[in-house]
>>> print(open('data_37.txt').read())   # compact mmCIF, C-alpha atoms and all ligand atoms
# COMPACT_ATOMS: atom_id res chain seq x y z
CA MET A 1 14.54 21.08 -0.84
CA ALA A 2 13.05 18.73 1.75
CA THR A 3 14.67 18.50 5.16
CA TYR A 4 16.10 15.05 5.91
CA THR A 5 16.74 13.25 9.16
CA THR A 6 18.61 10.00 9.71
CA ALA A 7 16.98 6.78 10.85
CA THR A 8 18.64 3.54 11.90
CA VAL A 9 17.68 0.30 10.18
CA THR A 10 16.42 -2.24 12.73
CA ASP A 11 15.32 -5.17 10.56
CA VAL A 12 15.52 -6.29 6.92
CA ARG A 13 13.56 -9.17 5.37
CA HIS A 14 13.99 -10.54 1.90
CA TRP A 15 10.71 -11.99 0.63
CA SER A 16 11.94 -13.05 -2.79
CA GLU A 17 14.73 -12.28 -5.22
CA LYS A 18 12.84 -9.14 -6.18
CA LEU A 19 11.18 -7.97 -2.97
CA PHE A 20 12.26 -6.95 0.52
CA SER A 21 11.02 -4.97 3.48
CA PHE A 22 12.90 -3.04 6.13
CA ARG A 23 12.15 -1.35 9.41
CA THR A 24 13.75 1.76 10.86
CA THR A 25 13.67 3.79 14.01
CA ARG A 26 11.05 6.55 14.11
CA GLU A 27 11.64 9.98 15.57
CA PRO A 28 9.03 10.60 18.27
CA GLY A 29 7.94 13.80 16.48
CA LEU A 30 7.34 12.13 13.12
CA ARG A 31 3.59 12.15 12.51
CA PHE A 32 1.78 10.68 9.52
CA GLU A 33 -1.58 9.46 8.29
CA ASN A 34 -1.88 5.82 7.29
CA GLY A 35 -1.45 5.64 3.49
CA GLN A 36 1.02 8.53 3.24
CA PHE A 37 4.53 8.36 1.81
CA ILE A 38 7.92 9.71 2.80
CA MET A 39 11.16 10.21 0.86
CA VAL A 40 13.77 7.55 1.64
CA GLY A 41 17.35 8.06 0.60
CA LEU A 42 21.05 7.45 0.84
CA ASP A 43 24.06 9.67 0.26
CA VAL A 44 26.22 7.92 -2.32
CA ASP A 45 29.60 9.43 -3.21
CA GLY A 46 28.42 12.90 -2.23
CA ARG A 47 25.17 12.54 -4.16
CA ARG A 48 21.79 12.21 -2.49
CA ILE A 49 19.54 9.56 -4.03
CA VAL A 50 15.93 9.62 -2.81
CA ARG A 51 12.67 7.92 -3.77
CA ALA A 52 9.11 8.14 -2.50
CA TYR A 53 8.12 5.17 -0.33
CA SER A 54 4.70 4.52 1.11
CA ILE A 55 4.91 3.88 4.85
CA ALA A 56 3.82 0.27 5.40
CA SER A 57 3.62 0.45 9.19
CA ALA A 58 0.60 1.94 10.93
CA ASN A 59 0.94 5.36 12.52
CA HIS A 60 0.44 3.94 16.02
CA GLU A 61 3.57 1.77 15.69
CA GLU A 62 6.89 2.65 17.24
CA GLN A 63 8.98 1.93 14.15
CA LEU A 64 8.59 2.62 10.45
CA GLU A 65 8.32 -0.13 7.88
CA PHE A 66 8.84 -0.02 4.12
CA TYR A 67 8.29 -2.53 1.32
CA SER A 68 10.46 -2.33 -1.77
CA ILE A 69 11.19 -3.91 -5.08
CA LYS A 70 14.84 -4.51 -6.02
CA VAL A 71 15.27 -2.77 -9.35
CA PRO A 72 18.24 -4.30 -11.19
CA ASP A 73 20.84 -1.51 -11.40
CA GLY A 74 18.34 0.87 -9.73
CA PRO A 75 20.36 3.78 -8.26
CA LEU A 76 18.66 3.53 -4.87
CA THR A 77 17.20 0.03 -4.50
CA SER A 78 20.34 -1.77 -5.68
CA ARG A 79 22.07 -0.18 -2.66
CA LEU A 80 19.13 -0.26 -0.29
CA LYS A 81 18.70 -4.02 -0.73
CA GLU A 82 22.17 -4.49 0.78
CA ILE A 83 21.34 -2.46 3.88
CA ARG A 84 21.76 -4.14 7.27
CA PRO A 85 20.43 -3.47 10.78
CA GLY A 86 22.51 -0.80 12.48
CA GLN A 87 23.12 1.17 9.28
CA THR A 88 21.46 4.53 8.73
CA LEU A 89 19.40 5.97 5.91
CA LEU A 90 17.74 9.31 5.24
CA LEU A 91 14.07 10.10 5.69
CA SER A 92 12.33 13.33 4.73
CA ALA A 93 10.95 15.12 7.75
CA LYS A 94 7.33 15.40 6.61
CA PRO A 95 5.34 12.46 5.26
CA THR A 96 2.59 13.53 2.84
CA GLY A 97 0.22 12.17 0.22
CA THR A 98 -3.26 11.90 -1.20
CA LEU A 99 -3.90 8.20 -0.48
CA VAL A 100 -5.68 8.79 2.82
CA VAL A 101 -8.96 7.55 4.24
CA ARG A 102 -9.74 11.07 5.49
CA ASP A 103 -10.40 12.14 1.90
CA LEU A 104 -13.08 9.50 1.31
CA ARG A 105 -16.78 10.23 1.68
CA PRO A 106 -18.60 8.04 4.19
CA GLY A 107 -19.44 4.61 2.82
CA LYS A 108 -20.12 0.98 3.70
CA ARG A 109 -17.37 -0.97 1.95
CA LEU A 110 -13.77 0.08 1.40
CA PHE A 111 -11.97 -1.52 -1.55
CA LEU A 112 -8.16 -1.38 -1.45
CA LEU A 113 -6.89 -2.15 -4.96
CA SER A 114 -3.18 -2.87 -5.25
CA THR A 115 -0.62 -4.41 -7.55
CA GLY A 116 3.01 -5.22 -6.80
CA THR A 117 4.58 -3.06 -4.09
CA GLY A 118 1.44 -0.90 -4.31
CA PHE A 119 0.29 -3.09 -1.43
CA ALA A 120 2.62 -1.13 0.93
CA PRO A 121 0.27 1.71 1.97
CA PHE A 122 -2.50 -0.82 2.55
CA ALA A 123 -0.29 -2.72 4.98
CA SER A 124 -0.65 0.47 7.01
CA VAL A 125 -4.35 1.10 6.29
CA ILE A 126 -5.50 -2.42 7.26
CA ARG A 127 -3.74 -2.02 10.62
CA ASP A 128 -5.70 1.16 11.39
CA PRO A 129 -8.56 0.49 13.84
CA GLU A 130 -10.40 3.64 12.69
CA VAL A 131 -10.79 2.19 9.19
CA TYR A 132 -12.96 -0.59 10.63
CA GLU A 133 -15.08 1.97 12.47
CA ARG A 134 -15.67 3.97 9.28
CA PHE A 135 -16.38 0.97 7.04
CA GLU A 136 -18.36 -2.22 7.62
CA GLN A 137 -16.16 -4.23 5.28
CA VAL A 138 -12.61 -3.72 4.01
CA ILE A 139 -11.90 -5.63 0.79
CA LEU A 140 -8.20 -5.88 0.10
CA VAL A 141 -7.38 -6.84 -3.50
CA ARG A 142 -3.77 -7.74 -4.30
CA GLY A 143 -2.47 -8.37 -7.79
CA ALA A 144 0.98 -9.77 -8.51
CA ARG A 145 2.87 -11.49 -11.28
CA HIS A 146 3.81 -14.57 -9.25
CA ILE A 147 2.55 -16.35 -6.13
CA GLY A 148 5.90 -15.72 -4.43
CA ASP A 149 5.33 -11.96 -4.79
CA LEU A 150 2.37 -12.24 -2.41
CA ALA A 151 4.47 -13.40 0.57
CA TYR A 152 4.87 -10.04 2.30
CA GLY A 153 1.16 -9.22 1.97
CA ASN A 154 0.22 -12.69 3.22
CA ALA A 155 2.36 -12.16 6.32
CA ILE A 156 0.84 -8.74 7.00
CA VAL A 157 -2.74 -9.99 6.58
CA ASP A 158 -2.01 -13.00 8.84
CA GLY A 159 -0.45 -10.63 11.36
CA VAL A 160 -3.54 -8.40 11.49
CA ARG A 161 -5.88 -11.38 11.75
CA ASN A 162 -3.86 -12.79 14.66
CA ASP A 163 -3.18 -9.49 16.37
CA PRO A 164 -4.30 -9.49 20.04
CA TYR A 165 -6.07 -6.12 19.65
CA MET A 166 -7.14 -6.05 16.01
CA GLY A 167 -7.65 -9.77 15.32
CA ASP A 168 -11.37 -10.01 16.10
CA ILE A 169 -12.20 -6.91 14.08
CA ALA A 170 -10.02 -7.94 11.13
CA ARG A 171 -11.38 -11.50 11.04
CA ALA A 172 -14.91 -10.08 10.96
CA GLN A 173 -14.42 -7.17 8.55
CA LEU A 174 -11.29 -7.69 6.42
CA VAL A 175 -11.56 -9.68 3.19
CA ASP A 176 -8.34 -10.57 1.37
CA TYR A 177 -8.33 -11.44 -2.34
CA SER A 178 -5.18 -12.08 -4.32
CA THR A 179 -4.78 -12.76 -8.00
CA VAL A 180 -1.68 -13.56 -10.04
CA THR A 181 -1.04 -13.09 -13.74
CA ARG A 182 1.95 -15.22 -14.65
CA GLU A 183 1.37 -18.63 -13.10
CA ALA A 184 -1.48 -20.87 -11.98
CA HIS A 185 -3.17 -19.84 -8.72
CA ALA A 186 -6.59 -19.97 -7.07
CA HIS A 187 -7.36 -16.65 -8.82
CA THR A 188 -5.61 -15.56 -12.00
CA GLY A 189 -5.68 -12.42 -14.15
CA ARG A 190 -5.33 -8.72 -13.51
CA VAL A 191 -7.15 -6.94 -10.71
CA THR A 192 -8.88 -4.78 -13.32
CA ALA A 193 -10.01 -7.86 -15.27
CA ALA A 194 -11.40 -9.45 -12.09
CA LEU A 195 -13.51 -6.31 -11.53
CA GLU A 196 -14.56 -5.91 -15.18
CA SER A 197 -15.60 -9.54 -15.58
CA GLY A 198 -17.27 -9.75 -12.19
CA GLN A 199 -15.08 -12.72 -11.26
CA LEU A 200 -14.02 -11.03 -8.03
CA TYR A 201 -17.62 -10.52 -6.91
CA ALA A 202 -18.50 -14.11 -7.76
CA ASP A 203 -15.43 -15.48 -5.95
CA LEU A 204 -16.15 -13.44 -2.82
CA ASP A 205 -19.93 -13.69 -3.07
CA ILE A 206 -20.35 -9.91 -2.81
CA THR A 207 -22.33 -7.34 -4.79
CA PRO A 208 -20.53 -5.38 -7.54
CA LEU A 209 -18.88 -2.00 -7.01
CA ASP A 210 -21.48 0.68 -6.35
CA ALA A 211 -20.60 4.38 -6.10
CA SER A 212 -23.41 5.04 -3.63
CA THR A 213 -21.98 2.74 -0.95
CA ASP A 214 -18.39 1.85 -1.87
CA ARG A 215 -15.17 3.78 -1.46
CA VAL A 216 -11.88 2.85 -3.09
CA MET A 217 -8.16 3.44 -2.56
CA ILE A 218 -5.80 2.48 -5.39
CA CYS A 219 -2.04 1.93 -5.45
CA GLY A 220 0.05 0.39 -8.20
CA SER A 221 1.95 1.27 -11.36
CA LYS A 222 0.98 4.30 -13.43
CA ALA A 223 -0.72 2.06 -15.97
CA MET A 224 -2.65 0.25 -13.24
CA LEU A 225 -3.74 3.57 -11.66
CA HIS A 226 -4.87 4.81 -15.05
CA ASP A 227 -6.91 1.68 -15.79
CA CYS A 228 -8.49 1.57 -12.32
CA CYS A 229 -9.45 5.28 -12.53
CA GLN A 230 -11.11 4.67 -15.90
CA LEU A 231 -12.97 1.69 -14.53
CA LEU A 232 -14.26 3.65 -11.52
CA ASP A 233 -15.06 6.82 -13.50
CA ALA A 234 -17.17 4.70 -15.86
CA ARG A 235 -19.14 3.48 -12.83
CA GLY A 236 -19.88 6.99 -11.54
CA PHE A 237 -17.16 7.20 -8.87
CA GLU A 238 -15.67 10.66 -8.25
CA ILE A 239 -11.99 11.01 -7.42
CA SER A 240 -10.89 13.21 -4.51
CA ALA A 241 -9.63 16.26 -6.41
CA HIS A 242 -7.20 17.55 -3.77
CA ILE A 243 -6.03 16.86 -0.25
CA GLY A 244 -8.94 17.82 1.99
CA VAL A 245 -11.63 17.43 -0.72
CA PRO A 246 -13.54 14.19 -0.11
CA GLY A 247 -14.28 11.88 -3.02
CA ASP A 248 -15.44 8.33 -3.69
CA TYR A 249 -11.89 7.21 -4.34
CA VAL A 250 -8.29 8.28 -3.80
CA ILE A 251 -4.98 7.52 -5.48
CA GLU A 252 -1.44 8.61 -4.69
CA ARG A 253 -1.05 11.56 -7.04
CA ALA A 254 2.70 11.82 -6.47
CA PHE A 255 3.12 8.36 -8.01
CA VAL A 256 1.20 9.43 -11.12
CA ASP A 257 3.17 12.61 -11.79
CA SER A 258 6.68 11.52 -10.81
P1 LIG A 301 0.79 -8.54 -15.97
O1 LIG A 301 1.57 -9.74 -15.55
O2 LIG A 301 -0.32 -8.84 -16.92
O3 LIG A 301 1.67 -7.40 -16.43
P2 LIG A 301 4.18 -5.01 -12.04
O4 LIG A 301 5.15 -5.80 -11.20
O5 LIG A 301 4.58 -4.87 -13.47
O6 LIG A 301 3.76 -3.71 -11.40
O7 LIG A 301 2.87 -5.91 -12.07
C1 LIG A 301 2.24 -6.35 -10.92
C2 LIG A 301 0.90 -6.90 -11.33
O8 LIG A 301 0.10 -5.85 -11.88
C3 LIG A 301 0.99 -7.96 -12.41
O9 LIG A 301 0.08 -8.98 -12.10
C4 LIG A 301 0.61 -7.22 -13.67
O10 LIG A 301 0.01 -8.03 -14.65
C5 LIG A 301 -0.42 -6.27 -13.12
N1 LIG A 301 -0.63 -5.10 -13.99
C6 LIG A 301 0.24 -4.50 -14.83
N2 LIG A 301 -0.35 -3.46 -15.47
C7 LIG A 301 -1.62 -3.42 -15.03
C8 LIG A 301 -2.73 -2.58 -15.32
N3 LIG A 301 -2.63 -1.59 -16.20
N4 LIG A 301 -3.89 -2.82 -14.68
C9 LIG A 301 -4.00 -3.83 -13.79
N5 LIG A 301 -2.99 -4.67 -13.47
C10 LIG A 301 -1.81 -4.46 -14.08
>>> encode(input="data_37.txt", output="structure tokens")
Amino acid sequence: MATYTTATVTDVRHWSEKLFSFRTTREPGLRFENGQFIMVGLDVDGRRIVRAYSIASANHEEQLEFYSIKVPDGPLTSRLKEIRPGQTLLLSAKPTGTLVVRDLRPGKRLFLLSTGTGFAPFASVIRDPEVYERFEQVILVRGARHIGDLAYGNAIVDGVRNDPYMGDIARAQLVDYSTVTREAHAHTGRVTAALESGQLYADLDITPLDASTDRVMICGSKAMLHDCCQLLDARGFEISAHIGVPGDYVIERAFVDS
């Protein structure tokens, strides 16, 4: 059984009817790597309800941030979406996870492939100055059903590009590409389709994925993870087999098995 500590909610933002983010206090001793997740929970009528949440804030920040979908009748999110600043929630003591830059072999470009709330860990990764030292270019790919679902990611990307410390680096090295599947937009279709068809490379005027120079981090639904892994495996990319074993790409294994 994981050990839990309490954290106080400091800010809540509703981005759409389905999506919200919240910030909490962070214990000074809580250490994590950008891309990792933590268990977030509430005690409801004597029962503890917990779910894994990627940490969306960077590990140099004073507070923790999370990005969540509101699942209709979801045991946790239907309560969590009502949470207000000043209230407390539970956090597991030790963040963990396999979606970390440390487990990528050296490379030139880093692709961050996300759909839906799978963007959350990349909100952390793109705010990590070390990532821009390790990679010449960081290509963030965000897939969503609707344009409105992109609002949180848009705000984070704008924030990094306008950050007093990171702005110059991010403007030079971070590329942001978003595509939606259920309404008209500058780019439409699934992230996987944009890679398969080559549309993404054409739109960004970049060369196609290449296992000798590119590294990839993936976060999304189980089906999306499965399809992205297949796509990369077919192009000769090797997954990081375990924590501490470098590969050409990483996924969050906890999200696949849970
Ligand atoms: P679609 O509208 O075709 O289902 P969700 O909210 O269900 O996680 O979906 C977020 C985005 O991910 C949607 O644009 C959805 O497209 C897309 N998506 C769903 N399944 C996959 C998959 N297997 N591979 C790539 N993208 C996917």
>>> residues_near_point(input="data_37.txt", point="(-3.5, 4.4, -15.0)", cutoff="12 Å", atoms="only C-alpha atoms", output="list in words")
Thr115, Thr192, Ile218, Cys219, Gly220, Ser221, Lys222, Ala223, Met224, Leu225, His226, Asp227, Cys228, Cys229, Gln230, Leu231, Leu232, Asp233, Ile251, Glu252, Arg253, Phe255, Val256 and Asp257 of chain A
>>> write_last_selection(input="data_37.txt", atoms="C-alpha atoms", output="PDB file, in the coordinates of the input")
ATOM      1  CA  THR A 115      -0.620  -4.410  -7.550  1.00  0.00           C
ATOM      2  CA  THR A 192      -8.880  -4.780 -13.320  1.00  0.00           C
ATOM      3  CA  ILE A 218      -5.800   2.480  -5.390  1.00  0.00           C
ATOM      4  CA  CYS A 219      -2.040   1.930  -5.450  1.00  0.00           C
ATOM      5  CA  GLY A 220       0.050   0.390  -8.200  1.00  0.00           C
ATOM      6  CA  SER A 221       1.950   1.270 -11.360  1.00  0.00           C
ATOM      7  CA  LYS A 222       0.980   4.300 -13.430  1.00  0.00           C
ATOM      8  CA  ALA A 223      -0.720   2.060 -15.970  1.00  0.00           C
ATOM      9  CA  MET A 224      -2.650   0.250 -13.240  1.00  0.00           C
ATOM     10  CA  LEU A 225      -3.740   3.570 -11.660  1.00  0.00           C
ATOM     11  CA  HIS A 226      -4.870   4.810 -15.050  1.00  0.00           C
ATOM     12  CA  ASP A 227      -6.910   1.680 -15.790  1.00  0.00           C
ATOM     13  CA  CYS A 228      -8.490   1.570 -12.320  1.00  0.00           C
ATOM     14  CA  CYS A 229      -9.450   5.280 -12.530  1.00  0.00           C
ATOM     15  CA  GLN A 230     -11.110   4.670 -15.900  1.00  0.00           C
ATOM     16  CA  LEU A 231     -12.970   1.690 -14.530  1.00  0.00           C
ATOM     17  CA  LEU A 232     -14.260   3.650 -11.520  1.00  0.00           C
ATOM     18  CA  ASP A 233     -15.060   6.820 -13.500  1.00  0.00           C
ATOM     19  CA  ILE A 251      -4.980   7.520  -5.480  1.00  0.00           C
ATOM     20  CA  GLU A 252      -1.440   8.610  -4.690  1.00  0.00           C
ATOM     21  CA  ARG A 253      -1.050  11.560  -7.040  1.00  0.00           C
ATOM     22  CA  PHE A 255       3.120   8.360  -8.010  1.00  0.00           C
ATOM     23  CA  VAL A 256       1.200   9.430 -11.120  1.00  0.00           C
ATOM     24  CA  ASP A 257       3.170  12.610 -11.790  1.00  0.00           C
TER      25      ASP A 257
END
>>> closest_atom_pairs(input="data_37.txt", of="chain A", to="ligand LIG 301 (chain A)", cutoff="10 Å", atoms="all atoms listed in the file", output="tab-separated table")
residue	atom	partner	partner_atom	distance
A:Lys18	CA	A:LIG301	O4	9.8
A:Ile69	CA	A:LIG301	O4	8.8
A:Leu113	CA	A:LIG301	C9	9.4
A:Ser114	CA	A:LIG301	O8	8.0
A:Thr115	CA	A:LIG301	O8	4.6
A:Gly116	CA	A:LIG301	C1	4.3
A:Thr117	CA	A:LIG301	O6	7.4
A:Gly118	CA	A:LIG301	O6	8.0
A:Arg142	CA	A:LIG301	C2	8.5
A:Gly143	CA	A:LIG301	O9	5.0
A:Ala144	CA	A:LIG301	O9	3.8
A:Arg145	CA	A:LIG301	O9	3.8
A:His146	CA	A:LIG301	O9	7.3
A:Ile147	CA	A:LIG301	O9	9.8
A:Asp149	CA	A:LIG301	C1	8.9
A:Ser178	CA	A:LIG301	O9	9.9
A:Thr179	CA	A:LIG301	O9	7.4
A:Val180	CA	A:LIG301	O9	5.3
A:Thr181	CA	A:LIG301	O9	4.6
A:Arg182	CA	A:LIG301	O1	5.6
A:Glu183	CA	A:LIG301	O1	9.2
A:Thr188	CA	A:LIG301	O9	8.7
A:Gly189	CA	A:LIG301	O9	7.0
A:Arg190	CA	A:LIG301	N5	4.7
A:Val191	CA	A:LIG301	C9	5.4
A:Thr192	CA	A:LIG301	C9	5.0
A:Ala193	CA	A:LIG301	C9	7.4
A:Ala194	CA	A:LIG301	C9	9.4
A:Gly220	CA	A:LIG301	O6	6.4
A:Ser221	CA	A:LIG301	O6	5.3
A:Lys222	CA	A:LIG301	N3	7.4
A:Ala223	CA	A:LIG301	N3	4.1
A:Met224	CA	A:LIG301	N3	3.5
A:Leu225	CA	A:LIG301	N3	7.0
A:His226	CA	A:LIG301	N3	6.9
A:Asp227	CA	A:LIG301	N3	5.4
A:Cys228	CA	A:LIG301	N4	6.8
>>> closest_residue(input="data_37.txt", among="A:Glu196, A:Asp203, A:Glu238, A:Asp214", to="Asp176 in chain A", atoms="all atoms listed in the file")
A:Asp203
>>> closest_residue(input="data_37.txt", among="A:Val245, A:Leu64, A:Leu91, A:Ala172", to="Thr6 in chain A", atoms="all atoms listed in the file")
A:Leu91
>>> residues_around(input="data_37.txt", residues="Ile156 in chain A", least_positions_apart="6", cutoff="10 Å", atoms="only C-alpha atoms", output="list of chain:residue names")
A:Ala56, A:Ser57, A:Ala120, A:Phe122, A:Ala123, A:Ser124, A:Ile126, A:Arg127, A:Asn162
>>> atom_distance(input="data_37.txt", atom1="CA of Val125 in chain A", atom2="CA of Gly35 in chain A")
6.1 Å
>>> residues_around(input="data_37.txt", residues="Gly198 in chain A", least_positions_apart="6", cutoff="12 Å", atoms="only C-alpha atoms", output="PDB file with C-alpha atoms, in the frame of the given file")
ATOM      1  CA  VAL A 191      -7.150  -6.940 -10.710  1.00  0.00           C
ATOM      2  CA  THR A 192      -8.880  -4.780 -13.320  1.00  0.00           C
ATOM      3  CA  LEU A 204     -16.150 -13.440  -2.820  1.00  0.00           C
ATOM      4  CA  ASP A 205     -19.930 -13.690  -3.070  1.00  0.00           C
ATOM      5  CA  ILE A 206     -20.350  -9.910  -2.810  1.00  0.00           C
ATOM      6  CA  THR A 207     -22.330  -7.340  -4.790  1.00  0.00           C
ATOM      7  CA  PRO A 208     -20.530  -5.380  -7.540  1.00  0.00           C
ATOM      8  CA  LEU A 209     -18.880  -2.000  -7.010  1.00  0.00           C
TER       9      LEU A 209
END
>>> closest_residue(input="data_37.txt", among="A:Phe20, A:Asp128, A:Leu99, A:Ala93", to="Thr77 in chain A", atoms="all atoms listed in the file")
A:Phe20
>>> closest_residue(input="data_37.txt", among="A:Ala52, A:Ile38, A:Val216, A:Val141", to="Lys108 in chain A", atoms="all atoms listed in the file")
A:Val216
>>> decode(input="data_37.txt", residues="range 209-217 of chain A", atoms="all heavy atoms", output="mmCIF file, in the first residue's frame")
data_model
loop_
_atom_site.group_PDB
_atom_site.id
_atom_site.type_symbol
_atom_site.label_atom_id
_atom_site.label_comp_id
_atom_site.auth_asym_id
_atom_site.auth_seq_id
_atom_site.Cartn_x
_atom_site.Cartn_y
_atom_site.Cartn_z
ATOM 1 N N LEU A 209 10.309 10.549 -39.525
ATOM 2 C CA LEU A 209 10.875 9.861 -38.359
ATOM 3 C C LEU A 209 11.994 8.926 -38.795
ATOM 4 O O LEU A 209 11.844 8.180 -39.759
ATOM 5 C CB LEU A 209 9.787 9.018 -37.687
ATOM 6 C CG LEU A 209 8.912 9.675 -36.630
ATOM 7 C CD1 LEU A 209 7.787 8.731 -36.245
ATOM 8 C CD2 LEU A 209 9.733 10.071 -35.403
ATOM 9 N N ASP A 210 13.093 8.970 -38.038
ATOM 10 C CA ASP A 210 14.270 8.177 -38.381
ATOM 11 C C ASP A 210 14.883 7.666 -37.070
ATOM 12 O O ASP A 210 15.309 8.457 -36.226
ATOM 13 C CB ASP A 210 15.253 9.095 -39.135
ATOM 14 C CG ASP A 210 16.550 8.392 -39.481
ATOM 15 O OD1 ASP A 210 16.827 7.309 -38.923
ATOM 16 O OD2 ASP A 210 17.292 8.946 -40.313
ATOM 17 N N ALA A 211 14.924 6.340 -36.933
ATOM 18 C CA ALA A 211 15.370 5.745 -35.661
ATOM 19 C C ALA A 211 16.823 6.074 -35.326
ATOM 20 O O ALA A 211 17.227 5.966 -34.167
ATOM 21 C CB ALA A 211 15.167 4.233 -35.704
ATOM 22 N N SER A 212 17.604 6.471 -36.326
ATOM 23 C CA SER A 212 19.015 6.746 -36.024
ATOM 24 C C SER A 212 19.205 8.111 -35.353
ATOM 25 O O SER A 212 20.206 8.329 -34.672
ATOM 26 C CB SER A 212 19.874 6.647 -37.291
ATOM 27 O OG SER A 212 19.514 7.663 -38.199
ATOM 28 N N THR A 213 18.240 9.010 -35.534
ATOM 29 C CA THR A 213 18.428 10.361 -34.963
ATOM 30 C C THR A 213 17.285 10.803 -34.052
ATOM 31 O O THR A 213 17.457 11.748 -33.274
ATOM 32 C CB THR A 213 18.519 11.411 -36.087
ATOM 33 O OG1 THR A 213 17.393 11.244 -36.951
ATOM 34 C CG2 THR A 213 19.806 11.306 -36.859
ATOM 35 N N ASP A 214 16.119 10.159 -34.167
ATOM 36 C CA ASP A 214 14.947 10.649 -33.442
ATOM 37 C C ASP A 214 14.638 9.807 -32.204
ATOM 38 O O ASP A 214 14.832 8.590 -32.217
ATOM 39 C CB ASP A 214 13.722 10.633 -34.364
ATOM 40 C CG ASP A 214 13.893 11.571 -35.543
ATOM 41 O OD1 ASP A 214 14.641 12.564 -35.393
ATOM 42 O OD2 ASP A 214 13.296 11.312 -36.594
ATOM 43 N N ARG A 215 14.137 10.461 -31.201
ATOM 44 C CA ARG A 215 13.675 9.783 -29.986
ATOM 45 C C ARG A 215 12.230 10.211 -29.756
ATOM 46 O O ARG A 215 11.842 11.329 -30.132
ATOM 47 C CB ARG A 215 14.550 10.157 -28.786
ATOM 48 C CG ARG A 215 16.009 9.832 -28.992
ATOM 49 C CD ARG A 215 16.264 8.319 -29.124
ATOM 50 N NE ARG A 215 17.609 8.046 -29.637
ATOM 51 C CZ ARG A 215 17.857 7.539 -30.848
ATOM 52 N NH1 ARG A 215 16.870 7.245 -31.676
ATOM 53 N NH2 ARG A 215 19.092 7.316 -31.240
ATOM 54 N N VAL A 216 11.455 9.330 -29.120
ATOM 55 C CA VAL A 216 10.019 9.590 -29.029
ATOM 56 C C VAL A 216 9.502 9.256 -27.628
ATOM 57 O O VAL A 216 9.921 8.268 -27.025
ATOM 58 C CB VAL A 216 9.238 8.729 -30.074
ATOM 59 C CG1 VAL A 216 7.778 9.141 -30.133
ATOM 60 C CG2 VAL A 216 9.872 8.825 -31.461
ATOM 61 N N MET A 217 8.606 10.105 -27.147
ATOM 62 C CA MET A 217 7.866 9.819 -25.907
ATOM 63 C C MET A 217 6.390 9.829 -26.299
ATOM 64 O O MET A 217 5.969 10.689 -27.071
ATOM 65 C CB MET A 217 8.124 10.896 -24.843
ATOM 66 C CG MET A 217 9.601 11.041 -24.503
ATOM 67 S SD MET A 217 9.936 12.404 -23.352
ATOM 68 C CE MET A 217 9.599 11.611 -21.777
#
